[in-house]
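Colleague: Data file entry-v2.pdb (PDB, C-alpha atoms) is appended below.
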ATOM      1  CA  MET A 247      11.246  21.036 -16.547
ATOM      2  CA  LYS A 248       7.786  21.065 -15.074
ATOM      3  CA  ARG A 249       7.473  20.693 -11.397
ATOM      4  CA  MET A 250       5.470  17.744 -10.073
ATOM      5  CA  THR A 251       2.586  19.200  -8.092
ATOM      6  CA  ALA A 252      -0.611  17.831  -6.675
ATOM      7  CA  GLN A 253      -3.554  19.270  -4.832
ATOM      8  CA  PRO A 254      -3.955  18.126  -1.205
ATOM      9  CA  SER A 255      -6.969  16.022  -2.188
ATOM     10  CA  GLN A 256      -4.964  14.258  -4.914
ATOM     11  CA  ALA A 257      -2.109  13.552  -2.557
ATOM     12  CA  LEU A 258      -4.503  12.201   0.058
ATOM     13  CA  GLY A 259      -5.967   9.844  -2.481
ATOM     14  CA  GLN A 260      -2.584   8.206  -3.004
ATOM     15  CA  VAL A 261      -2.212   7.189   0.619
ATOM     16  CA  ARG A 262      -4.601   5.038   2.664
ATOM     17  CA  SER A 263      -3.170   5.160   6.177
ATOM     18  CA  PRO A 264      -4.520   7.924   8.490
ATOM     19  CA  LEU A 265      -0.939   8.603   9.587
ATOM     20  CA  ARG A 266       0.145   9.019   5.969
ATOM     21  CA  ARG A 267      -2.860  11.222   5.213
ATOM     22  CA  ALA A 268      -1.830  13.527   8.046
ATOM     23  CA  ALA A 269       1.558  13.935   6.432
ATOM     24  CA  PHE A 270      -0.130  15.253   3.279
ATOM     25  CA  THR A 271      -2.247  17.866   5.063
ATOM     26  CA  GLY A 272      -0.284  20.738   3.547
ATOM     27  CA  GLY A 273      -0.147  19.277   0.034
ATOM     28  CA  PHE A 274       2.571  17.534  -1.921
ATOM     29  CA  ASP A 275       4.983  20.503  -1.994
ATOM     30  CA  ASP A 276       4.789  20.766   1.784
ATOM     31  CA  VAL A 277       5.588  17.053   2.188
ATOM     32  CA  ILE A 278       8.621  17.408  -0.088
ATOM     33  CA  ALA A 279       9.821  20.438   1.886
ATOM     34  CA  ARG A 280       9.435  18.606   5.179
ATOM     35  CA  ALA A 281      11.184  15.496   3.887
ATOM     36  CA  ARG A 282      14.101  17.654   2.715
ATOM     37  CA  THR A 283      14.545  18.897   6.282
ATOM     38  CA  GLY A 284      14.740  15.346   7.625
ATOM     39  CA  ASP A 285      11.092  14.739   8.534
ATOM     40  CA  ARG A 286      10.846  10.936   8.546
ATOM     41  CA  ALA A 287       7.040  10.905   8.614
ATOM     42  CA  ALA A 288       6.944  13.031   5.490
ATOM     43  CA  PHE A 289       9.438  10.788   3.701
ATOM     44  CA  SER A 290       7.522   7.708   4.828
ATOM     45  CA  ALA A 291       4.431   9.223   3.196
ATOM     46  CA  LEU A 292       6.398   9.723  -0.019
ATOM     47  CA  MET A 293       7.500   6.091   0.100
ATOM     48  CA  SER A 294       3.936   4.927   0.602
ATOM     49  CA  GLY A 295       2.718   6.997  -2.318
ATOM     50  CA  HIS A 296       5.415   5.826  -4.741
ATOM     51  CA  LYS A 297       6.385   2.286  -3.724
ATOM     52  CA  ASP A 298       3.935   0.478  -6.035
ATOM     53  CA  ASP A 299       4.932   2.518  -9.074
ATOM     54  CA  LEU A 300       8.626   2.112  -8.268
ATOM     55  CA  PHE A 301       8.244  -1.642  -7.823
ATOM     56  CA  ARG A 302       6.601  -1.938 -11.249
ATOM     57  CA  PHE A 303       9.402   0.188 -12.726
ATOM     58  CA  VAL A 304      12.095  -2.072 -11.245
ATOM     59  CA  ARG A 305      10.217  -5.321 -11.907
ATOM     60  CA  ARG A 306      10.272  -4.624 -15.633
ATOM     61  CA  ARG A 307      14.063  -4.754 -15.412
ATOM     62  CA  VAL A 308      14.568  -7.491 -12.818
ATOM     63  CA  ALA A 309      13.184 -10.987 -13.350
ATOM     64  CA  ASP A 310      12.965 -11.958  -9.679
ATOM     65  CA  ALA A 311      10.275 -10.287  -7.548
ATOM     66  CA  ASP A 312      12.252 -10.573  -4.297
ATOM     67  CA  ALA A 313      15.313  -9.036  -5.920
ATOM     68  CA  ALA A 314      13.126  -6.230  -7.268
ATOM     69  CA  SER A 315      11.774  -5.557  -3.767
ATOM     70  CA  ASP A 316      15.328  -5.359  -2.424
ATOM     71  CA  ILE A 317      16.267  -2.850  -5.129
ATOM     72  CA  VAL A 318      13.220  -0.721  -4.309
ATOM     73  CA  GLN A 319      14.297  -0.644  -0.659
ATOM     74  CA  GLU A 320      17.848   0.280  -1.673
ATOM     75  CA  ALA A 321      16.481   3.073  -3.855
ATOM     76  CA  PHE A 322      14.433   4.499  -0.991
ATOM     77  CA  VAL A 323      17.425   4.336   1.365
ATOM     78  CA  ALA A 324      19.520   6.204  -1.207
ATOM     79  CA  ALA A 325      16.730   8.719  -1.765
ATOM     80  CA  TRP A 326      16.467   9.384   1.977
ATOM     81  CA  SER A 327      20.227   9.963   2.180
ATOM     82  CA  ALA A 328      20.089  12.424  -0.727
ATOM     83  CA  MET A 329      16.752  14.034   0.144
ATOM     84  CA  ALA A 330      18.294  17.207   1.527
ATOM     85  CA  SER A 331      19.900  17.927  -1.846
ATOM     86  CA  PHE A 332      16.774  17.197  -3.894
ATOM     87  CA  ASP A 333      15.838  20.098  -6.178
ATOM     88  CA  PRO A 334      12.108  20.801  -5.669
ATOM     89  CA  GLU A 335      11.968  22.165  -9.207
ATOM     90  CA  ARG A 336      12.513  18.620 -10.449
ATOM     91  CA  SER A 337       9.920  15.869 -10.695
ATOM     92  CA  PHE A 338      10.233  13.721  -7.577
ATOM     93  CA  LYS A 339       9.029  10.649  -9.494
ATOM     94  CA  THR A 340      11.655  11.139 -12.215
ATOM     95  CA  TRP A 341      14.352  11.648  -9.593
ATOM     96  CA  LEU A 342      13.281   8.449  -7.824
ATOM     97  CA  HIS A 343      13.261   6.520 -11.091
ATOM     98  CA  ALA A 344      16.813   7.678 -11.838
ATOM     99  CA  ILE A 345      17.976   6.396  -8.435
ATOM    100  CA  ALA A 346      16.198   3.067  -8.959
ATOM    101  CA  LEU A 347      17.713   2.735 -12.427
ATOM    102  CA  ASN A 348      21.189   3.151 -10.961
ATOM    103  CA  LYS A 349      20.391   0.487  -8.363
ATOM    104  CA  CYS A 350      19.275  -1.856 -11.161
ATOM    105  CA  ARG A 351      22.615  -1.247 -12.887
ATOM    106  CA  ASP A 352      24.473  -2.000  -9.653
ATOM    107  CA  ALA A 353      22.532  -5.245  -9.207
ATOM    108  CA  ALA A 354      23.259  -6.299 -12.784
ATOM    109  CA  ARG A 355      26.978  -5.625 -12.292
ATOM    110  CA  ARG A 356      26.995  -7.645  -9.065
ATOM    111  CA  ALA A 357      25.269 -10.551 -10.828
ATOM    112  CA  THR A 358      27.807 -10.400 -13.655
ATOM    113  CA  THR A 359      30.671 -10.425 -11.157
ATOM    114  CA  ARG A 360      29.216 -13.437  -9.330
ATOM    115  CA  ARG A 361      28.799 -15.357 -12.580
ATOM    116  CA  ALA A 362      32.351 -14.531 -13.628
ATOM    117  CA  PHE A 363      33.755 -15.598 -10.259
ATOM    118  CA  TRP A 364      31.652 -18.692  -9.507
ATOM    119  CA  GLY A 365      30.667 -19.976 -12.940
ATOM    120  CA  ASP A 366      28.292 -22.921 -12.551
ATOM    121  CA  CYS A 367      27.100 -23.733  -9.054
ATOM    122  CA  PRO A 368      28.226 -27.084  -7.558
ATOM    123  CA  ASN A 369      24.752 -28.610  -7.821
ATOM    124  CA  GLY A 370      24.582 -27.859 -11.538
ATOM    125  CA  ASP A 371      22.188 -24.933 -11.182
ATOM    126  CA  ASP A 372      23.360 -21.629 -12.579
ATOM    127  CA  LEU A 373      22.886 -18.227 -10.990
ATOM    128  CA  ARG A 374      19.903 -17.189 -13.086
ATOM    129  CA  VAL A 375      16.626 -16.563 -11.314
ATOM    130  CA  ALA A 376      14.017 -19.280 -11.416
ATOM    131  CA  ASP A 377      11.679 -17.164 -13.553
ATOM    132  CA  GLU A 378      14.009 -17.559 -16.523
ATOM    133  CA  ARG A 379      14.192 -21.371 -16.460
ATOM    134  CA  PRO A 380      12.213 -23.393 -19.014
ATOM    135  CA  SER A 381       8.638 -24.267 -18.118
ATOM    136  CA  PRO A 382       5.739 -25.850 -20.025
ATOM    137  CA  GLU A 383       4.247 -22.421 -20.676
ATOM    138  CA  ALA A 384       7.556 -21.232 -22.125
ATOM    139  CA  GLU A 385       7.119 -23.708 -24.960
ATOM    140  CA  THR A 386       4.220 -21.793 -26.460
ATOM    141  CA  ALA A 387       4.839 -19.413 -29.345
ATOM    142  CA  SER A 388       4.027 -16.295 -27.307
ATOM    143  CA  ARG A 389       6.411 -17.288 -24.540
ATOM    144  CA  GLU A 390       9.115 -18.070 -27.026
ATOM    145  CA  GLU A 391       8.703 -14.688 -28.682
ATOM    146  CA  LEU A 392       8.869 -12.960 -25.299
ATOM    147  CA  ARG A 393      12.010 -14.903 -24.442
ATOM    148  CA  MET A 394      13.588 -13.906 -27.723
ATOM    149  CA  LEU A 395      12.687 -10.278 -27.133
ATOM    150  CA  ARG A 396      14.228 -10.271 -23.651
ATOM    151  CA  GLN A 397      17.393 -11.877 -24.973
ATOM    152  CA  ALA A 398      17.559  -9.448 -27.879
ATOM    153  CA  LEU A 399      17.102  -6.501 -25.511
ATOM    154  CA  ALA A 400      19.958  -7.807 -23.382
ATOM    155  CA  THR A 401      22.313  -7.551 -26.372
ATOM    156  CA  LEU A 402      21.767  -3.802 -26.735
ATOM    157  CA  PRO A 403      24.305  -1.398 -25.229
ATOM    158  CA  GLU A 404      23.093  -0.297 -21.812
ATOM    159  CA  HIS A 405      22.509   3.357 -22.726
ATOM    160  CA  LEU A 406      20.427   2.365 -25.763
ATOM    161  CA  ARG A 407      18.461  -0.314 -23.937
ATOM    162  CA  GLU A 408      17.546   2.029 -21.093
ATOM    163  CA  ALA A 409      16.357   4.747 -23.471
ATOM    164  CA  LEU A 410      14.110   2.274 -25.281
ATOM    165  CA  MET A 411      12.792   0.738 -22.057
ATOM    166  CA  LEU A 412      11.902   4.102 -20.539
ATOM    167  CA  THR A 413       9.942   5.262 -23.587
ATOM    168  CA  ALA A 414       8.509   2.054 -25.071
ATOM    169  CA  VAL A 415       7.982  -0.033 -21.930
ATOM    170  CA  ASP A 416       7.598   2.458 -19.087
ATOM    171  CA  GLY A 417       5.686   4.887 -21.295
ATOM    172  CA  LEU A 418       7.640   7.966 -20.192
ATOM    173  CA  SER A 419       7.591  11.093 -22.291
ATOM    174  CA  GLN A 420      10.822  12.080 -24.017
ATOM    175  CA  ALA A 421      11.280  14.874 -21.499
ATOM    176  CA  ALA A 422      10.844  12.554 -18.515
ATOM    177  CA  ALA A 423      13.010   9.827 -20.027
ATOM    178  CA  SER A 424      15.827  12.227 -20.865
ATOM    179  CA  ALA A 425      15.655  13.668 -17.344
ATOM    180  CA  THR A 426      15.863  10.171 -15.864
ATOM    181  CA  LEU A 427      18.932   9.360 -17.940
ATOM    182  CA  GLY A 428      20.477  12.805 -17.552
ATOM    183  CA  CYS A 429      20.773  13.436 -21.286
ATOM    184  CA  SER A 430      19.235  15.844 -23.771
ATOM    185  CA  VAL A 431      15.977  15.087 -25.575
ATOM    186  CA  LYS A 432      17.915  15.092 -28.855
ATOM    187  CA  SER A 433      20.310  12.492 -27.500
ATOM    188  CA  LEU A 434      17.406  10.423 -26.224
ATOM    189  CA  GLU A 435      15.745  10.481 -29.657
ATOM    190  CA  TYR A 436      18.924   9.168 -31.257
ATOM    191  CA  ARG A 437      19.323   6.444 -28.635
ATOM    192  CA  VAL A 438      15.741   5.234 -29.081
ATOM    193  CA  HIS A 439      16.059   5.280 -32.869
ATOM    194  CA  ARG A 440      19.337   3.372 -32.784
ATOM    195  CA  ALA A 441      18.015   0.910 -30.194
ATOM    196  CA  ARG A 442      15.009   0.105 -32.385
ATOM    197  CA  GLU A 443      17.279  -0.490 -35.384
ATOM    198  CA  LEU A 444      19.584  -2.831 -33.489
ATOM    199  CA  LEU A 445      16.686  -4.616 -31.815
ATOM    200  CA  ALA A 446      14.943  -5.220 -35.145
ATOM    201  CA  ASP A 447      18.164  -6.612 -36.628
ATOM    202  CA  GLU A 448      18.736  -8.878 -33.632
ATOM    203  CA  MET A 449      15.150 -10.175 -33.624
ATOM    204  CA  ALA A 450      15.384 -10.899 -37.354
ATOM    205  CA  ARG A 451      18.660 -12.762 -36.815
ATOM    206  CA  ARG A 452      17.160 -14.871 -34.042
ATOM    207  CA  ALA A 453      14.040 -15.638 -36.065
ATOM    208  CA  THR A 454      16.076 -16.922 -39.017
ATOM    209  CA  PRO A 455      16.327 -20.735 -38.882
ATOM    210  CA  ARG A 456      19.878 -21.974 -38.529
ATOM    211  CA  ARG A 457      21.165 -24.350 -41.199
TER
END
Give the structure from the file, written as C-alpha cells.

Modeller:
Amino acid sequence: MKRMTAQPSQALGQVRSPLRRAAFTGGFDDVIARARTGDRAAFSALMSGHKDDLFRFVRRRVADADAASDIVQEAFVAAWSAMASFDPERSFKTWLHAIALNKCRDAARRATTRRAFWGDCPNGDDLRVADERPSPEAETASREELRMLRQALATLPEHLREALMLTAVDGLSQAAASATLGCSVKSLEYRVHRARELLADEMARRATPRR
C-alpha cells in the first residue's frame, strides 16, 4: 500500500495556526514520527489537518451533527491511544477512517440498544434524531427519494453497506476502501456488486405502489 506523504509546503497549507505550522516544519512524515513518540503538539497538528475531512466522513453516516462531532472526538481519542502502534507504511487518513467507522458502528449499536430497552419515550417522541422527522421540504419528490434511499441503505447488511458507502459516497478507491474495511480488493468488489444488487431490488420494491 502506498504511503501517504506530503511535502512540507503541502502540509503547511493544511493548517492555519502558527503553532500548527511549526509542528509541520519537518514535513508530514516527521509529524507522524513525533506523534508516535507521544508528542501532543504533533498529534494536535494531525487533528487540525484531518478534522474537517473526518467530520464529513462521519456526517455521511450519522444524521445528527452533534452526534457526528462526538464520534469524531472519540475517534481522535482512540487514535491518540493507538498512535504508538501506527504503522507509518500505512495511509494515516485510511487508518483514521477505519477508527471512525468503528466508532460509527459502536454508536449505532448503542442507539439500537436504547431503542430496544426504552421503546417510545414518555412524551411520545421516539429516539430518532430531529433531522429524520417529517418537514415541509421532505414532502417534495427529491426529499422523498432521498428518504427512500437512506431507508433502503439501512436494510443492507452492514459489511455490504459500508463497502458501497466508502466507494460510491466517500469516493475512495478500491484499495483505500479495502484497507479501511480490512478486506481484500477482491472481497470489496464482491461486496459492492452485491450491495448494488440488493439496493436496486429494495428501491424497486419501495417504488412499487402498494395495493

Colleague: Mind checking which residues fall within 9 Å of Ala425 (chain A), counting all atoms listed in the file, ignoring those fewer than 5 positions away in the same chain, and posting them as a count of residues only?

Modeller: 7

Colleague: Do you have the CA of Leu434 (chain A)-CA of Arg307 (chain A) distance handy?

Modeller: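 Separating CA of Leu434 (chain A) from CA of Arg307 (chain A) is a distance of 18.9 Å.
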
Colleague: Using the chain letters and numbering of this document, enumerate as a count of residues only the residues selected by the PyMOL selection byres ((chain A and resi 280) around 12).

Modeller: 27

Colleague: Nearest to Lys297 (chain A): which of A:Val415, A:Ala346, A:Ala309, A:Leu402 is it, counting only C-alpha atoms?

Modeller: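 Using only C-alpha atoms, the shortest distance to Lys297 (chain A) belongs to A:Ala346.
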
Colleague: Hey, can you check how far CA of Ile317 (chain A) sits from CA of Arg437 (chain A)?

Modeller: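 CA of Arg437 (chain A) lies 25.5 Å from CA of Ile317 (chain A).
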
Colleague: Once the PyMOL selection byres ((chain A and resi 347) around 9) has been evaluated on this model, what residues remain selected, and can you format them as a list in words?

Modeller: Phe303, Val304, Arg307, Ala321, Leu342, His343, Ala344, Ile345, Ala346, Asn348, Lys349, Cys350, Arg351, Asp352, Glu408, Thr426 and Leu427 of chain A

Colleague: Suppose you want the space between CA of Ala409 (chain A) and CA of Val438 (chain A); what is it in Å?

Modeller: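 We find that CA of Ala409 (chain A) and CA of Val438 (chain A) lie 5.7 Å from each other.
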
Colleague: Would you pick out the contacts of Met449 (chain A) at 8 Å or less, using only C-alpha atoms, so that residues sharing its chain but fewer than 6 positions from it are not included, and give the list as a PyMOL selection string?

Modeller: chain A and resi 394-395+398

Colleague: With 4 Å on each side, where is the centre of the axis-aligned box around all listed atoms of region 425-439 of chain A, and how long are its edges in Å to one decimal, as lines of an AutoDock Vina configuration file?

Modeller:
center_x = 18.2
center_y = 10.5
center_z = -24.4
size_x = 13.1
size_y = 18.6
size_z = 25.0

Colleague: Name the residues captured by the PyMOL selection byres ((chain A and resi 396) around 12) when it is applied to the shown file; answer as an mmCIF file with C-alpha atoms, in the coordinates of the input.

Modeller:
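To be explicit, this is the file written out as result_22.cif:
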data_model
loop_
_atom_site.group_PDB
_atom_site.id
_atom_site.type_symbol
_atom_site.label_atom_id
_atom_site.label_comp_id
_atom_site.auth_asym_id
_atom_site.auth_seq_id
_atom_site.Cartn_x
_atom_site.Cartn_y
_atom_site.Cartn_z
ATOM 1 C CA ARG A 306 10.272 -4.624 -15.633
ATOM 2 C CA ARG A 307 14.063 -4.754 -15.412
ATOM 3 C CA VAL A 308 14.568 -7.491 -12.818
ATOM 4 C CA ALA A 309 13.184 -10.987 -13.350
ATOM 5 C CA GLU A 378 14.009 -17.559 -16.523
ATOM 6 C CA ARG A 389 6.411 -17.288 -24.540
ATOM 7 C CA GLU A 390 9.115 -18.070 -27.026
ATOM 8 C CA GLU A 391 8.703 -14.688 -28.682
ATOM 9 C CA LEU A 392 8.869 -12.960 -25.299
ATOM 10 C CA ARG A 393 12.010 -14.903 -24.442
ATOM 11 C CA MET A 394 13.588 -13.906 -27.723
ATOM 12 C CA LEU A 395 12.687 -10.278 -27.133
ATOM 13 C CA GLN A 397 17.393 -11.877 -24.973
ATOM 14 C CA ALA A 398 17.559 -9.448 -27.879
ATOM 15 C CA LEU A 399 17.102 -6.501 -25.511
ATOM 16 C CA ALA A 400 19.958 -7.807 -23.382
ATOM 17 C CA THR A 401 22.313 -7.551 -26.372
ATOM 18 C CA LEU A 402 21.767 -3.802 -26.735
ATOM 19 C CA ARG A 407 18.461 -0.314 -23.937
ATOM 20 C CA MET A 411 12.792 0.738 -22.057
ATOM 21 C CA LEU A 445 16.686 -4.616 -31.815
ATOM 22 C CA GLU A 448 18.736 -8.878 -33.632
ATOM 23 C CA MET A 449 15.150 -10.175 -33.624
ATOM 24 C CA ARG A 452 17.160 -14.871 -34.042
#

Colleague: A:Ser337, A:Phe322, A:Ala422, A:Leu444: which is nearest Ser294 (chain A), counting all atoms listed in the file?

Modeller: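 Closest candidate: A:Phe322.
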
Colleague: Taking only C-alpha atoms into account, name the residue in A:Ser419, A:Thr413, A:Gln319, A:Thr454 that is nearest to His439 (chain A).

Modeller: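 That would be A:Thr413, the residue with the smallest distance to His439 (chain A).
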
Colleague: Copy region 376-449 of chain A out of the block into a file, keeping C-alpha atoms, as an mmCIF file, in the first residue's frame.

Modeller:
data_model
loop_
_atom_site.group_PDB
_atom_site.id
_atom_site.type_symbol
_atom_site.label_atom_id
_atom_site.label_comp_id
_atom_site.auth_asym_id
_atom_site.auth_seq_id
_atom_site.Cartn_x
_atom_site.Cartn_y
_atom_site.Cartn_z
ATOM 1 C CA ALA A 376 -34.685 15.522 14.675
ATOM 2 C CA ASP A 377 -33.186 15.564 11.174
ATOM 3 C CA GLU A 378 -35.165 12.454 10.271
ATOM 4 C CA ARG A 379 -38.597 13.784 11.280
ATOM 5 C CA PRO A 380 -41.047 14.913 8.586
ATOM 6 C CA SER A 381 -40.790 18.510 7.427
ATOM 7 C CA PRO A 382 -42.411 20.509 4.614
ATOM 8 C CA GLU A 383 -39.306 20.086 2.473
ATOM 9 C CA ALA A 384 -39.448 16.318 2.974
ATOM 10 C CA GLU A 385 -42.712 16.261 1.049
ATOM 11 C CA THR A 386 -41.032 17.126 -2.229
ATOM 12 C CA ALA A 387 -40.159 14.364 -4.675
ATOM 13 C CA SER A 388 -36.396 14.793 -4.240
ATOM 14 C CA ARG A 389 -36.646 14.587 -0.469
ATOM 15 C CA GLU A 390 -38.853 11.557 -0.690
ATOM 16 C CA GLU A 391 -36.395 9.816 -2.987
ATOM 17 C CA LEU A 392 -33.534 10.632 -0.620
ATOM 18 C CA ARG A 393 -35.540 9.281 2.299
ATOM 19 C CA MET A 394 -36.249 6.093 0.405
ATOM 20 C CA LEU A 395 -32.586 5.713 -0.463
ATOM 21 C CA ARG A 396 -31.493 6.136 3.159
ATOM 22 C CA GLN A 397 -34.067 3.604 4.304
ATOM 23 C CA ALA A 398 -33.071 1.173 1.570
ATOM 24 C CA LEU A 399 -29.398 1.541 2.507
ATOM 25 C CA ALA A 400 -30.273 0.776 6.119
ATOM 26 C CA THR A 401 -31.682 -2.610 5.068
ATOM 27 C CA LEU A 402 -28.356 -3.770 3.627
ATOM 28 C CA PRO A 403 -26.086 -5.984 5.734
ATOM 29 C CA GLU A 404 -23.510 -3.819 7.474
ATOM 30 C CA HIS A 405 -20.480 -5.174 5.599
ATOM 31 C CA LEU A 406 -22.177 -4.583 2.235
ATOM 32 C CA ARG A 407 -23.480 -1.139 3.139
ATOM 33 C CA GLU A 408 -20.073 0.047 4.321
ATOM 34 C CA ALA A 409 -18.350 -1.166 1.158
ATOM 35 C CA LEU A 410 -20.857 0.699 -1.005
ATOM 36 C CA MET A 411 -20.703 3.858 1.115
ATOM 37 C CA LEU A 412 -16.910 4.008 1.041
ATOM 38 C CA THR A 413 -16.704 3.681 -2.745
ATOM 39 C CA ALA A 414 -19.897 5.333 -4.017
ATOM 40 C CA VAL A 415 -20.423 8.032 -1.384
ATOM 41 C CA ASP A 416 -16.985 8.740 0.071
ATOM 42 C CA GLY A 417 -15.314 8.291 -3.311
ATOM 43 C CA LEU A 418 -12.487 6.094 -2.009
ATOM 44 C CA SER A 419 -10.503 3.951 -4.389
ATOM 45 C CA GLN A 420 -10.922 0.191 -4.106
ATOM 46 C CA ALA A 421 -7.502 -0.038 -2.490
ATOM 47 C CA ALA A 422 -8.318 2.603 0.126
ATOM 48 C CA ALA A 423 -11.780 1.200 0.797
ATOM 49 C CA SER A 424 -10.499 -2.346 1.222
ATOM 50 C CA ALA A 425 -7.776 -1.087 3.567
ATOM 51 C CA THR A 426 -10.367 0.776 5.635
ATOM 52 C CA LEU A 427 -12.507 -2.340 5.953
ATOM 53 C CA GLY A 428 -9.556 -4.689 6.375
ATOM 54 C CA CYS A 429 -10.529 -6.935 3.469
ATOM 55 C CA SER A 430 -9.059 -7.804 0.090
ATOM 56 C CA VAL A 431 -9.830 -5.784 -3.035
ATOM 57 C CA LYS A 432 -11.498 -8.881 -4.497
ATOM 58 C CA SER A 433 -13.753 -9.155 -1.469
ATOM 59 C CA LEU A 434 -14.548 -5.458 -1.675
ATOM 60 C CA GLU A 435 -15.539 -5.788 -5.343
ATOM 61 C CA TYR A 436 -17.962 -8.574 -4.475
ATOM 62 C CA ARG A 437 -19.444 -6.615 -1.573
ATOM 63 C CA VAL A 438 -20.020 -3.521 -3.716
ATOM 64 C CA HIS A 439 -21.543 -5.588 -6.521
ATOM 65 C CA ARG A 440 -23.850 -7.428 -4.137
ATOM 66 C CA ALA A 441 -24.779 -4.215 -2.310
ATOM 67 C CA ARG A 442 -25.794 -2.561 -5.583
ATOM 68 C CA GLU A 443 -27.954 -5.561 -6.500
ATOM 69 C CA LEU A 444 -29.745 -5.606 -3.157
ATOM 70 C CA LEU A 445 -30.128 -1.832 -3.110
ATOM 71 C CA ALA A 446 -31.658 -1.798 -6.596
ATOM 72 C CA ASP A 447 -34.112 -4.532 -5.594
ATOM 73 C CA GLU A 448 -35.068 -2.706 -2.401
ATOM 74 C CA MET A 449 -35.541 0.638 -4.170
#
